[in-house]
file start30.cif (mmCIF, C-alpha atoms and all ligand atoms)
data_model
#
loop_
_atom_site.label_atom_id
_atom_site.label_comp_id
_atom_site.auth_asym_id
_atom_site.auth_seq_id
_atom_site.Cartn_x
_atom_site.Cartn_y
_atom_site.Cartn_z
CA MET A 21 74.15 -71.91 -120.98
CA GLY A 22 71.86 -73.49 -118.42
CA SER A 23 74.36 -75.95 -116.94
CA VAL A 24 73.35 -74.44 -113.59
CA ILE A 25 69.61 -73.82 -113.27
CA ARG A 26 67.30 -72.64 -110.51
CA ALA A 27 63.71 -73.57 -111.34
CA PHE A 28 60.60 -72.32 -109.54
CA ASP A 29 56.83 -72.78 -109.75
CA GLU A 30 56.10 -69.13 -109.06
CA VAL A 31 58.24 -66.03 -108.54
CA GLU A 32 57.71 -62.29 -108.80
CA SER A 33 60.27 -61.91 -111.56
CA THR A 34 63.07 -64.22 -112.70
CA ASN A 35 65.15 -61.12 -113.47
CA THR A 36 65.02 -60.09 -109.80
CA LEU A 37 66.13 -63.53 -108.61
CA ALA A 38 68.90 -63.62 -111.19
CA SER A 39 70.21 -60.21 -110.04
CA GLU A 40 70.32 -61.48 -106.46
CA TRP A 41 72.13 -64.62 -107.59
CA ILE A 42 74.79 -62.48 -109.27
CA ASN A 43 75.68 -61.12 -105.84
CA GLU A 44 76.12 -64.68 -104.60
CA GLY A 45 78.57 -65.36 -107.45
CA ALA A 46 76.38 -67.07 -110.08
CA PRO A 47 78.50 -68.29 -113.01
CA HIS A 48 78.22 -67.18 -116.65
CA GLY A 49 75.29 -69.00 -118.25
CA ALA A 50 73.37 -69.65 -115.01
CA VAL A 51 69.61 -69.66 -115.57
CA VAL A 52 66.56 -68.86 -113.43
CA VAL A 53 63.32 -70.23 -114.86
CA ALA A 54 59.79 -70.02 -113.48
CA ASP A 55 56.49 -71.56 -114.50
CA HIS A 56 54.78 -68.33 -113.55
CA GLN A 57 55.71 -64.74 -112.71
CA THR A 58 53.45 -62.56 -110.60
CA ARG A 59 55.29 -59.32 -111.44
CA GLY A 60 57.07 -59.96 -114.72
CA ARG A 61 58.81 -56.84 -115.97
CA GLY A 62 58.93 -55.58 -119.53
CA ARG A 63 60.84 -52.78 -121.23
CA LEU A 64 59.98 -49.15 -120.66
CA GLY A 65 58.39 -49.87 -117.26
CA ARG A 66 55.77 -52.18 -118.74
CA THR A 67 54.64 -55.50 -117.25
CA TRP A 68 55.09 -58.89 -118.89
CA ILE A 69 51.93 -60.95 -118.71
CA ALA A 70 52.09 -64.71 -119.31
CA GLU A 71 49.76 -67.44 -118.11
CA ALA A 72 51.11 -70.06 -115.67
CA GLY A 73 52.35 -73.39 -117.00
CA LEU A 74 52.14 -72.59 -120.70
CA ASN A 75 55.07 -70.38 -121.63
CA LEU A 76 58.78 -69.83 -121.08
CA THR A 77 59.84 -67.08 -118.68
CA PHE A 78 63.49 -67.17 -117.70
CA SER A 79 66.61 -65.12 -117.09
CA ILE A 80 70.18 -65.89 -118.07
CA ILE A 81 73.14 -64.50 -116.12
CA LEU A 82 75.91 -63.45 -118.44
CA ARG A 83 79.46 -62.42 -117.69
CA PRO A 84 80.62 -61.70 -121.23
CA ASP A 85 84.08 -60.55 -122.13
CA LEU A 86 82.67 -57.41 -123.73
CA PRO A 87 83.11 -53.71 -123.05
CA PHE A 88 80.11 -51.95 -121.53
CA ASP A 89 79.16 -50.21 -124.77
CA ARG A 90 78.79 -53.52 -126.61
CA LEU A 91 76.46 -55.23 -124.16
CA GLY A 92 73.53 -54.42 -126.45
CA MET A 93 74.90 -57.13 -128.76
CA LEU A 94 73.70 -59.69 -126.21
CA THR A 95 70.06 -58.94 -126.95
CA ILE A 96 70.86 -58.82 -130.66
CA ALA A 97 72.36 -62.33 -130.38
CA ALA A 98 69.44 -63.52 -128.24
CA CYS A 99 66.87 -62.24 -130.73
CA THR A 100 68.62 -63.99 -133.56
CA SER A 101 68.75 -67.22 -131.54
CA VAL A 102 65.09 -67.03 -130.57
CA ALA A 103 64.05 -66.24 -134.15
CA ARG A 104 66.11 -69.14 -135.56
CA THR A 105 64.96 -71.61 -132.90
CA ILE A 106 61.29 -70.63 -133.25
CA GLU A 107 61.50 -71.24 -136.98
CA ARG A 108 62.65 -74.81 -136.32
CA PHE A 109 59.50 -75.38 -134.27
CA ALA A 110 57.16 -73.32 -136.45
CA ASP A 111 58.31 -74.61 -139.85
CA PRO A 112 57.45 -73.31 -142.49
CA LEU A 113 56.55 -70.03 -140.77
CA GLN A 114 59.08 -67.21 -140.67
CA THR A 115 59.84 -64.89 -137.76
CA SER A 116 60.77 -61.25 -137.84
CA ILE A 117 62.50 -59.00 -135.32
CA LYS A 118 61.38 -55.57 -134.22
CA TRP A 119 64.43 -53.63 -133.03
CA PRO A 120 65.80 -53.94 -130.49
CA ASN A 121 64.50 -57.18 -129.02
CA ASP A 122 60.98 -58.28 -129.91
CA VAL A 123 60.45 -61.42 -131.95
CA TYR A 124 57.31 -61.59 -134.08
CA LEU A 125 55.51 -64.52 -135.67
CA GLY A 126 52.55 -64.04 -137.99
CA GLY A 127 52.83 -60.26 -137.57
CA ARG A 128 52.36 -60.30 -133.78
CA LYS A 129 54.77 -60.35 -130.85
CA MET A 130 55.61 -63.71 -129.33
CA CYS A 131 58.81 -62.92 -127.46
CA GLY A 132 60.25 -59.98 -125.55
CA MET A 133 63.56 -59.45 -123.76
CA LEU A 134 64.81 -57.30 -120.94
CA LEU A 135 68.55 -56.78 -120.42
CA GLU A 136 69.34 -55.46 -116.97
CA SER A 137 72.67 -54.50 -115.53
CA SER A 138 73.49 -53.08 -112.14
CA TRP A 139 76.58 -51.40 -113.59
CA ASN A 140 76.42 -47.84 -114.75
CA SER A 141 80.09 -47.21 -115.36
CA PRO A 142 82.07 -48.26 -118.42
CA VAL A 143 83.69 -51.36 -116.93
CA ARG A 144 84.71 -54.54 -118.72
CA ASN A 145 83.22 -57.91 -117.77
CA PRO A 146 80.09 -56.68 -116.02
CA ALA A 147 77.52 -59.29 -115.04
CA VAL A 148 74.15 -58.76 -116.68
CA VAL A 149 70.75 -60.40 -116.59
CA LEU A 150 68.98 -61.19 -119.84
CA GLY A 151 65.31 -61.95 -119.21
CA ILE A 152 63.32 -63.65 -121.95
CA GLY A 153 59.56 -64.13 -122.13
CA LEU A 154 58.36 -66.43 -124.88
CA ASN A 155 54.71 -67.28 -125.53
CA VAL A 156 54.55 -70.98 -126.28
CA ASN A 157 51.27 -72.80 -125.58
CA GLN A 158 49.04 -69.93 -124.47
CA ASP A 159 46.11 -69.47 -126.84
CA GLU A 160 44.21 -66.59 -125.28
CA PHE A 161 45.54 -63.24 -124.18
CA PRO A 162 44.15 -60.56 -121.89
CA GLU A 163 42.35 -57.65 -123.50
CA GLU A 164 45.23 -55.18 -123.09
CA ILE A 165 47.68 -57.22 -125.19
CA ARG A 166 45.28 -59.26 -127.35
CA GLU A 167 45.75 -57.21 -130.50
CA ASN A 168 49.53 -57.52 -130.60
CA ALA A 169 50.33 -60.80 -128.81
CA THR A 170 50.66 -64.29 -130.19
CA SER A 171 52.24 -67.65 -129.37
CA LEU A 172 53.71 -70.65 -131.13
CA LEU A 173 50.45 -72.54 -130.54
CA VAL A 174 48.28 -69.77 -131.99
CA GLU A 175 50.42 -69.51 -135.13
CA THR A 176 51.12 -73.19 -135.79
CA GLY A 177 48.16 -74.95 -134.16
CA ARG A 178 50.68 -77.28 -132.49
CA VAL A 179 51.48 -77.72 -128.80
CA VAL A 180 55.23 -77.64 -128.21
CA THR A 181 57.07 -79.36 -125.35
CA ARG A 182 58.55 -76.39 -123.52
CA ALA A 183 61.59 -78.31 -122.25
CA GLU A 184 62.60 -79.20 -125.83
CA LEU A 185 62.24 -75.63 -127.04
CA PHE A 186 64.12 -74.32 -124.00
CA ALA A 187 67.06 -76.72 -124.50
CA ALA A 188 67.27 -75.90 -128.22
CA LEU A 189 67.21 -72.20 -127.49
CA LEU A 190 69.91 -72.28 -124.81
CA SER A 191 72.17 -74.31 -127.04
CA ASP A 192 71.74 -71.95 -130.02
CA PHE A 193 72.24 -68.91 -127.80
CA GLU A 194 75.47 -70.33 -126.36
CA GLN A 195 76.93 -70.48 -129.87
CA CYS A 196 75.57 -67.08 -130.77
CA VAL A 197 77.16 -65.41 -127.70
CA ALA A 198 80.53 -66.94 -128.61
CA MET A 199 80.01 -65.55 -132.12
CA ILE A 200 79.73 -61.96 -130.81
CA GLU A 201 83.46 -62.07 -130.17
CA GLU A 202 84.50 -64.39 -133.01
CA ASP A 203 82.47 -62.96 -135.87
CA PRO A 204 80.32 -59.98 -134.82
CA GLU A 205 79.52 -59.12 -138.42
CA ARG A 206 77.83 -62.48 -138.90
CA VAL A 207 75.69 -61.88 -135.79
CA ARG A 208 74.72 -58.46 -137.15
CA ASN A 209 73.92 -59.87 -140.58
CA ASP A 210 71.83 -62.74 -139.20
CA TYR A 211 69.87 -60.16 -137.21
CA ALA A 212 69.49 -57.71 -140.11
CA VAL A 213 68.07 -60.40 -142.39
CA LYS A 214 65.16 -60.80 -139.97
CA MET A 215 64.86 -57.13 -139.09
CA MET A 216 61.39 -55.67 -139.58
CA SER A 217 61.40 -52.37 -141.50
CA LEU A 218 64.90 -52.78 -142.95
CA ASN A 219 65.17 -50.20 -145.76
CA ASP A 220 61.77 -48.77 -144.78
CA GLU A 221 61.03 -45.35 -143.37
CA ILE A 222 60.10 -45.56 -139.68
CA CYS A 223 59.48 -43.25 -136.77
CA LEU A 224 61.66 -43.79 -133.69
CA ARG A 225 59.85 -42.56 -130.57
CA PHE A 226 61.53 -41.64 -127.30
CA ALA A 227 59.06 -42.22 -124.47
CA ALA A 228 60.99 -40.17 -121.89
CA THR A 229 60.82 -36.95 -123.92
CA ASP A 230 57.79 -37.75 -126.08
CA ARG A 231 59.87 -36.83 -129.14
CA SER A 232 60.53 -38.83 -132.26
CA VAL A 233 62.75 -38.93 -135.31
CA LYS A 234 61.96 -40.15 -138.81
CA GLY A 235 64.41 -42.11 -140.92
CA VAL A 236 65.08 -45.06 -143.20
CA VAL A 237 66.42 -48.14 -141.37
CA VAL A 238 69.95 -48.98 -142.56
CA GLY A 239 70.65 -51.73 -139.98
CA ILE A 240 72.44 -51.99 -136.63
CA ASP A 241 75.97 -51.03 -135.63
CA ASP A 242 78.49 -53.04 -133.60
CA SER A 243 76.90 -52.00 -130.31
CA GLY A 244 73.44 -53.16 -131.41
CA ALA A 245 72.20 -49.58 -131.93
CA ILE A 246 69.82 -48.83 -134.80
CA VAL A 247 71.23 -46.86 -137.74
CA LEU A 248 68.88 -44.51 -139.60
CA ASP A 249 69.26 -42.30 -142.63
CA THR A 250 67.49 -39.13 -141.53
CA SER A 251 67.00 -35.70 -143.11
CA SER A 252 70.08 -34.58 -141.13
CA GLY A 253 72.25 -37.49 -142.32
CA ARG A 254 73.09 -40.94 -140.99
CA ARG A 255 72.42 -41.23 -137.26
CA VAL A 256 72.78 -43.92 -134.60
CA PHE A 257 70.28 -44.44 -131.75
CA HIS A 258 70.73 -46.64 -128.70
CA ALA A 259 67.14 -46.46 -127.47
CA GLY A 260 63.66 -45.76 -128.76
CA GLU A 261 60.60 -47.51 -130.01
CA VAL A 262 60.18 -48.28 -133.69
CA THR A 263 56.77 -47.21 -134.98
CA ARG A 264 55.35 -46.77 -138.47
CA ALA A 265 56.22 -43.47 -140.15
CA VAL A 266 53.20 -41.23 -140.51
C1 LIG B 301 59.42 -56.64 -123.22
O1 LIG B 301 59.09 -57.08 -124.32
O2 LIG B 301 58.97 -55.57 -122.79
C2 LIG B 301 60.40 -57.42 -122.38
C3 LIG B 301 59.75 -58.57 -121.70
C4 LIG B 301 60.70 -59.40 -120.86
C5 LIG B 301 59.97 -60.45 -120.06
C6 LIG B 301 60.90 -61.42 -119.40
S1 LIG B 301 60.02 -62.80 -118.73
C7 LIG B 301 61.43 -63.33 -117.88
C8 LIG B 301 62.12 -62.09 -117.36
N1 LIG B 301 61.65 -61.69 -116.07
C9 LIG B 301 61.02 -60.52 -116.09
O3 LIG B 301 60.49 -59.97 -115.11
N2 LIG B 301 61.03 -60.02 -117.34
C10 LIG B 301 61.74 -60.90 -118.25
#
call {"tool": "encode", "arguments": {"input": "start30.cif", "output": "structure tokens"}}
result
Amino acid sequence: MGSVIRAFDEVESTNTLASEWINEGAPHGAVVVADHQTRGRGRLGRTWIAEAGLNLTFSIILRPDLPFDRLGMLTIAACTSVARTIERFADPLQTSIKWPNDVYLGGRKMCGMLLESSWNSPVRNPAVVLGIGLNVNQDEFPEEIRENATSLLVETGRVVTRAELFAALLSDFEQCVAMIEEDPERVRNDYAVKMMSLNDEICLRFAATDRSVKGVVVGIDDSGAIVLDTSSGRRVFHAGEVTRAV
């Protein structure tokens, strides 16, 4: 991971550049990193806001030997890697993961991920872009995200050298991606241990339809989907937003 890197001062979105690089034949593990994004994208059509020069915003190109329906395990592995790496830098603080791919520190979000693929058919070996935004040394956040956003600096009071954190993260993630094929159960277990709301009742909301389902979180399956015990039995969901049950 990261043996080939394209680094920029400012881009619209590293995910966009990474997608373009795929068409030029970028290898597995190639990385696009930028000091600042002017149009960073988040999940569910949201924007990703991060101040210039203080954070990590990057995209990794992956060509995993995985069937299409298991690509979700890439974000599961990435979350686990981010959570583990952050804990090394935030010792003794503990991270937690909000399914599917938000990493929290001190009860607020410090990292989000966006997996994008131009494939929509069930092929093997598709190339995908995994974009990661990690708040490192930013200590103030705009009004619209202030309540739920945090950074390593805010939580630990320590400034972290971004290059060191980045290198540690890429190295951990490389091992974790290999583990998806070698020992997927271990990846799932490492994720579940950090999973927010495990064994709790939650509400899973579907933005597109404005519907939701209530259930107790059992864990994730081998595609990275969330498994809930609901009033109509055990059910598996590939998308949705976890919110508190009301
Ligand atoms: C989310 O939590 O909604 C996902 C946020 C993903 C942000 C990262 S920053 C690097 C990469 N480029 C983007 O435009 N988005 C991702």
call {"tool": "atom_distance", "arguments": {"input": "start30.cif", "atom1": "CA of Thr229 (chain A)", "atom2": "CA of Ala245 (chain A)"}}
result
18.8 Å
call {"tool": "residues_near_ligand", "arguments": {"input": "start30.cif", "ligand": "ligand LIG 301 (chain B)", "cutoff": "8 Å", "atoms": "all atoms listed in the file", "output": "PyMOL selection string"}}
result
chain A and resi 32-36+53+57+59-68+76-79+121-122+131-134+150-154
call {"tool": "closest_atom_pairs", "arguments": {"input": "start30.cif", "of": "region 152-216 of chain A", "to": "region 23-29 of chain A", "cutoff": "12 Å", "atoms": "all atoms listed in the file", "output": "CSV"}}
result
residue,atom,partner,partner_atom,distance
A:Ala187,CA,A:Ser23,CA,10.5
A:Leu190,CA,A:Ser23,CA,9.8
A:Ser191,CA,A:Ser23,CA,10.5
A:Glu194,CA,A:Ser23,CA,11.0
call {"tool": "closest_residue", "arguments": {"input": "start30.cif", "among": "A:Leu74, A:Met21, A:Ala46, A:Ala103", "to": "Val123 (chain A)", "atoms": "all atoms listed in the file"}}
result
A:Ala103
call {"tool": "residues_around", "arguments": {"input": "start30.cif", "residues": "Lys118 (chain A)", "least_positions_apart": "2", "cutoff": "9 Å", "atoms": "all atoms listed in the file", "output": "compact mmCIF listing (two decimals) with C-alpha atoms, in the frame of the given file"}}
result
# COMPACT_ATOMS: atom_id res chain seq x y z
CA SER A 116 60.77 -61.25 -137.84
CA PRO A 120 65.80 -53.94 -130.49
CA ASN A 121 64.50 -57.18 -129.02
CA ASP A 122 60.98 -58.28 -129.91
CA VAL A 123 60.45 -61.42 -131.95
CA TYR A 124 57.31 -61.59 -134.08
CA LYS A 129 54.77 -60.35 -130.85
CA LYS A 214 65.16 -60.80 -139.97
CA MET A 215 64.86 -57.13 -139.09
CA MET A 216 61.39 -55.67 -139.58
CA SER A 217 61.40 -52.37 -141.50
CA VAL A 262 60.18 -48.28 -133.69
call {"tool": "residues_around", "arguments": {"input": "start30.cif", "residues": "His56 (chain A)", "least_positions_apart": "6", "cutoff": "7 Å", "atoms": "all atoms listed in the file", "output": "list in words"}}
result
Asp29, Glu30, Val31, Glu71, Ala72 and Gly73 of chain A
call {"tool": "closest_residue", "arguments": {"input": "start30.cif", "among": "A:Thr176, A:Asn209, A:Ser39, A:Asn168", "to": "Thr100 (chain A)", "atoms": "only C-alpha atoms"}}
result
A:Asn209
call {"tool": "closest_residue", "arguments": {"input": "start30.cif", "among": "A:Ile240, A:Leu218, A:Val149, A:Leu173", "to": "Ala50 (chain A)", "atoms": "all atoms listed in the file"}}
result
A:Val149
call {"tool": "atom_distance", "arguments": {"input": "start30.cif", "atom1": "CA of His258 (chain A)", "atom2": "CA of Ile117 (chain A)"}}
result
16.3 Å
call {"tool": "atom_distance", "arguments": {"input": "start30.cif", "atom1": "CA of Asp210 (chain A)", "atom2": "CA of Ala259 (chain A)"}}
result
20.6 Å
call {"tool": "residues_around", "arguments": {"input": "start30.cif", "residues": "Arg108 (chain A)", "least_positions_apart": "2", "cutoff": "12 Å", "atoms": "all atoms listed in the file", "output": "list of chain:residue names"}}
result
A:Ser101, A:Val102, A:Ala103, A:Arg104, A:Thr105, A:Ile106, A:Ala110, A:Asp111, A:Pro112, A:Leu113, A:Gln114, A:Thr115, A:Leu172, A:Thr176, A:Val180, A:Glu184, A:Leu185, A:Ala188, A:Leu189, A:Asp192
call {"tool": "closest_residue", "arguments": {"input": "start30.cif", "among": "A:Leu86, A:Val237, A:Ile222, A:Ala54", "to": "Glu202 (chain A)", "atoms": "all atoms listed in the file"}}
result
A:Leu86
call {"tool": "closest_residue", "arguments": {"input": "start30.cif", "among": "A:Val236, A:Ala228, A:Val51, A:Ala265", "to": "Ser251 (chain A)", "atoms": "only C-alpha atoms"}}
result
A:Val236
call {"tool": "build_atoms", "arguments": {"input": "start30.cif", "residues": "region 111-129 of chain A", "atoms": "N, CA, C and O atoms", "output": "PDB file, in the coordinates of the input"}}
result
ATOM      1  N   ASP A 111      58.130 -74.359-138.423  1.00  0.00           N
ATOM      2  CA  ASP A 111      58.310 -74.610-139.850  1.00  0.00           C
ATOM      3  C   ASP A 111      56.958 -74.824-140.547  1.00  0.00           C
ATOM      4  O   ASP A 111      56.137 -75.588-140.049  1.00  0.00           O
ATOM      5  N   PRO A 112      56.615 -74.162-141.626  1.00  0.00           N
ATOM      6  CA  PRO A 112      57.450 -73.310-142.490  1.00  0.00           C
ATOM      7  C   PRO A 112      57.320 -71.814-142.184  1.00  0.00           C
ATOM      8  O   PRO A 112      57.733 -71.002-143.002  1.00  0.00           O
ATOM      9  N   LEU A 113      56.768 -71.450-141.040  1.00  0.00           N
ATOM     10  CA  LEU A 113      56.550 -70.030-140.770  1.00  0.00           C
ATOM     11  C   LEU A 113      57.875 -69.307-140.518  1.00  0.00           C
ATOM     12  O   LEU A 113      58.836 -69.892-140.017  1.00  0.00           O
ATOM     13  N   GLN A 114      57.875 -68.022-140.828  1.00  0.00           N
ATOM     14  CA  GLN A 114      59.080 -67.210-140.670  1.00  0.00           C
ATOM     15  C   GLN A 114      58.865 -66.179-139.561  1.00  0.00           C
ATOM     16  O   GLN A 114      57.766 -65.627-139.423  1.00  0.00           O
ATOM     17  N   THR A 115      59.901 -65.916-138.806  1.00  0.00           N
ATOM     18  CA  THR A 115      59.840 -64.890-137.760  1.00  0.00           C
ATOM     19  C   THR A 115      60.362 -63.563-138.293  1.00  0.00           C
ATOM     20  O   THR A 115      61.008 -63.517-139.337  1.00  0.00           O
ATOM     21  N   SER A 116      60.083 -62.506-137.553  1.00  0.00           N
ATOM     22  CA  SER A 116      60.770 -61.250-137.840  1.00  0.00           C
ATOM     23  C   SER A 116      61.088 -60.571-136.516  1.00  0.00           C
ATOM     24  O   SER A 116      60.506 -60.905-135.479  1.00  0.00           O
ATOM     25  N   ILE A 117      62.033 -59.634-136.560  1.00  0.00           N
ATOM     26  CA  ILE A 117      62.500 -59.000-135.320  1.00  0.00           C
ATOM     27  C   ILE A 117      62.223 -57.501-135.379  1.00  0.00           C
ATOM     28  O   ILE A 117      62.568 -56.827-136.359  1.00  0.00           O
ATOM     29  N   LYS A 118      61.584 -57.015-134.320  1.00  0.00           N
ATOM     30  CA  LYS A 118      61.380 -55.570-134.220  1.00  0.00           C
ATOM     31  C   LYS A 118      62.482 -55.043-133.297  1.00  0.00           C
ATOM     32  O   LYS A 118      62.574 -55.479-132.142  1.00  0.00           O
ATOM     33  N   TRP A 119      63.313 -54.147-133.831  1.00  0.00           N
ATOM     34  CA  TRP A 119      64.430 -53.630-133.030  1.00  0.00           C
ATOM     35  C   TRP A 119      63.906 -52.992-131.751  1.00  0.00           C
ATOM     36  O   TRP A 119      62.898 -52.286-131.799  1.00  0.00           O
ATOM     37  N   PRO A 120      64.560 -53.168-130.593  1.00  0.00           N
ATOM     38  CA  PRO A 120      65.800 -53.940-130.490  1.00  0.00           C
ATOM     39  C   PRO A 120      65.581 -55.415-130.196  1.00  0.00           C
ATOM     40  O   PRO A 120      66.379 -56.239-130.628  1.00  0.00           O
ATOM     41  N   ASN A 121      64.516 -55.792-129.460  1.00  0.00           N
ATOM     42  CA  ASN A 121      64.500 -57.180-129.020  1.00  0.00           C
ATOM     43  C   ASN A 121      63.107 -57.801-128.882  1.00  0.00           C
ATOM     44  O   ASN A 121      62.838 -58.513-127.938  1.00  0.00           O
ATOM     45  N   ASP A 122      62.256 -57.577-129.870  1.00  0.00           N
ATOM     46  CA  ASP A 122      60.980 -58.280-129.910  1.00  0.00           C
ATOM     47  C   ASP A 122      60.979 -59.233-131.096  1.00  0.00           C
ATOM     48  O   ASP A 122      61.338 -58.840-132.208  1.00  0.00           O
ATOM     49  N   VAL A 123      60.545 -60.471-130.838  1.00  0.00           N
ATOM     50  CA  VAL A 123      60.450 -61.420-131.950  1.00  0.00           C
ATOM     51  C   VAL A 123      58.977 -61.619-132.295  1.00  0.00           C
ATOM     52  O   VAL A 123      58.141 -61.849-131.412  1.00  0.00           O
ATOM     53  N   TYR A 124      58.684 -61.501-133.569  1.00  0.00           N
ATOM     54  CA  TYR A 124      57.310 -61.590-134.080  1.00  0.00           C
ATOM     55  C   TYR A 124      57.120 -62.850-134.908  1.00  0.00           C
ATOM     56  O   TYR A 124      58.028 -63.303-135.608  1.00  0.00           O
ATOM     57  N   LEU A 125      55.888 -63.386-134.822  1.00  0.00           N
ATOM     58  CA  LEU A 125      55.510 -64.520-135.670  1.00  0.00           C
ATOM     59  C   LEU A 125      54.098 -64.201-136.158  1.00  0.00           C
ATOM     60  O   LEU A 125      53.248 -63.791-135.353  1.00  0.00           O
ATOM     61  N   GLY A 126      53.868 -64.352-137.451  1.00  0.00           N
ATOM     62  CA  GLY A 126      52.550 -64.040-137.990  1.00  0.00           C
ATOM     63  C   GLY A 126      52.145 -62.595-137.754  1.00  0.00           C
ATOM     64  O   GLY A 126      50.967 -62.299-137.585  1.00  0.00           O
ATOM     65  N   GLY A 127      53.130 -61.697-137.706  1.00  0.00           N
ATOM     66  CA  GLY A 127      52.830 -60.260-137.570  1.00  0.00           C
ATOM     67  C   GLY A 127      52.518 -59.809-136.147  1.00  0.00           C
ATOM     68  O   GLY A 127      52.171 -58.656-135.930  1.00  0.00           O
ATOM     69  N   ARG A 128      52.623 -60.706-135.161  1.00  0.00           N
ATOM     70  CA  ARG A 128      52.360 -60.300-133.780  1.00  0.00           C
ATOM     71  C   ARG A 128      53.503 -60.777-132.879  1.00  0.00           C
ATOM     72  O   ARG A 128      54.232 -61.726-133.209  1.00  0.00           O
ATOM     73  N   LYS A 129      53.613 -60.110-131.717  1.00  0.00           N
ATOM     74  CA  LYS A 129      54.770 -60.350-130.850  1.00  0.00           C
ATOM     75  C   LYS A 129      54.607 -61.658-130.072  1.00  0.00           C
ATOM     76  O   LYS A 129      53.584 -61.872-129.434  1.00  0.00           O
TER      77      LYS A 129
END
